[in-house]
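I have placed the structure first, in the form of structure tokens, so that the comments after it can refer back to it.
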Amino acid sequence: MWVKSEGPKLVPFFKATCVYFVLWLPTSSPSWFSALIKCLPIFCLWVFLLAHGISFLGAHSSARKILAGLIFSALGDAFLIWQEQGYFCHGLLMFAITHILYSSAFGMKPINLRAGIFISVFSGLSYMLLYPYLSGPFTYLVGVYVALIGFMGWRAIAGVQFANDLWTWTRLSACLGAVLFMVSDLTIAVNKFCFPVPYSRAIIMATYYAAQMLIALSAVECQDADVSRKRA
């Protein structure tokens with residue numbers, strides 16, 4: 001039921017994603033057109049959330065925060081088109097803000113210390129992998145970013161409690177989205193700072209678009225709850 005109700009609203013997103021991969025614009029020649037094509041799937045996710053109604057967004061702060069995160073994500077995508085021209089840090093900042101917004105949207109309950117410890121270890125190992133290749137401001141900028149995306153991943157994973165049967169498809173969606181976002185960003189970092197990753201662009205963008213879609217889907221949980229209450 002959930003997939004059937006939300007699926008049609010995501011058709012523009014899937015089409016825009018296909019356009020990006022079909023055109024496969026070269027990163028060596030950044031342009032406003034290539035920025036538009038790269039950001040178009042994220043624009044479609046804006047529309048997806050707005051299609052649930054302004055009143056829905058007004059009533060649920062988590063949905064508003066995810067929409068705001070998508071807006072900053074689009075800005076980050078645009079900056080990264082020109083990363084070789086010195087805008088990589090700008091993109092990093094936009095996505096750092098995105099992760100703060102997503103973390104706030106996912107909330108601090110339940111705590112789930114096991115998930116927190118696991119993500120902390122994973123984040124620490126990731127930074128240890130990158131550290132020898134970092135220099136200058138990137139030494140601490142990347143460290144802060146790894147901490148922020150790790151925190152976001154913890155808050156998303158913490159919401160899924162299979163043992164107590166306290167989970168929903170939308171919480172699982174947020175969890176998977178956060179994990180894919182971490183995979184995407186780790187691939188970017190390794191490819192940029194450490195060594196070339198085979199098929200890096202395909203891996204980065206496929207996991208990134210899937211992550212954003214899943215996180216956007218997690219915003220509709222409040223609406224699903226409202227519908228259930230009305231039916232009851």
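Lettering and numbering for the structure tokens are positional, with chains as A, B, ... in the shown order, residues counted from 1 in each chain, and ligands counted from 1 in the shown order.
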
Would you mind listing, for every residue of stretch 70-126 of chain A within 6 Å of stretch 136-160 of chain A, the two atoms forming the shortest contact and the distance between them in Å to one decimal, using only C-alpha atoms, sorted by chain and ascending residue number, as a Markdown table?
| residue | atom | partner | partner_atom | distance |
| --- | --- | --- | --- | --- |
| A:His99 | CA | A:Ile149 | CA | 5.8 |
| A:Ser103 | CA | A:Met152 | CA | 4.6 |
| A:Phe106 | CA | A:Arg155 | CA | 5.9 |
| A:Asn112 | CA | A:Ala158 | CA | 5.2 |
| A:Gly116 | CA | A:Trp154 | CA | 5.4 |

Q. With distances taken over only C-alpha atoms, which of A:Trp46, A:Val190, A:Met108, A:Cys39 is nearest to A:Gly76?
A.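 Looking only at the distances to A:Gly76, the closest residue turns out to be A:Cys39.
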
Q: Just the residues within 8 Å of A:Gly177, please, counting only C-alpha atoms, with nothing from its chain fewer than 6 positions along; format it as a ChimeraX atom specification.
A: /A:210-215

**Q.** Computed interatomic separation between atom CA of A:Phe181 and atom CA of A:Gly107 (Å)
**A.** 17.8 Å

**Q.** stretch 79-93 of chain A surroundings by only C-alpha atoms, 10 Å radius, close-in-sequence under 2 positions cut, as a ChimeraX atom specification
**A.** /A:26-32,34-36,38,72-77,95-99,137-138,141-142,145

Q) What is the distance between atom CA of A:Ala216 and atom CA of A:Leu45, in Å to one decimal? A) 6.8 Å

(Q) Using only C-alpha atoms for the distances, tell me which of A:Phe118, A:Tyr127, A:Tyr209, A:Ser61 is nearest to A:Phe13. (A)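 Counting only C-alpha atoms, the residue closest to A:Phe13 is A:Tyr209.
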
Q) Taking only C-alpha atoms into account, which of A:Thr170, A:Ile117, A:Val47, A:Pro198 comes nearest A:Leu217? A)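 Among the listed residues, A:Thr170 lies closest to A:Leu217.
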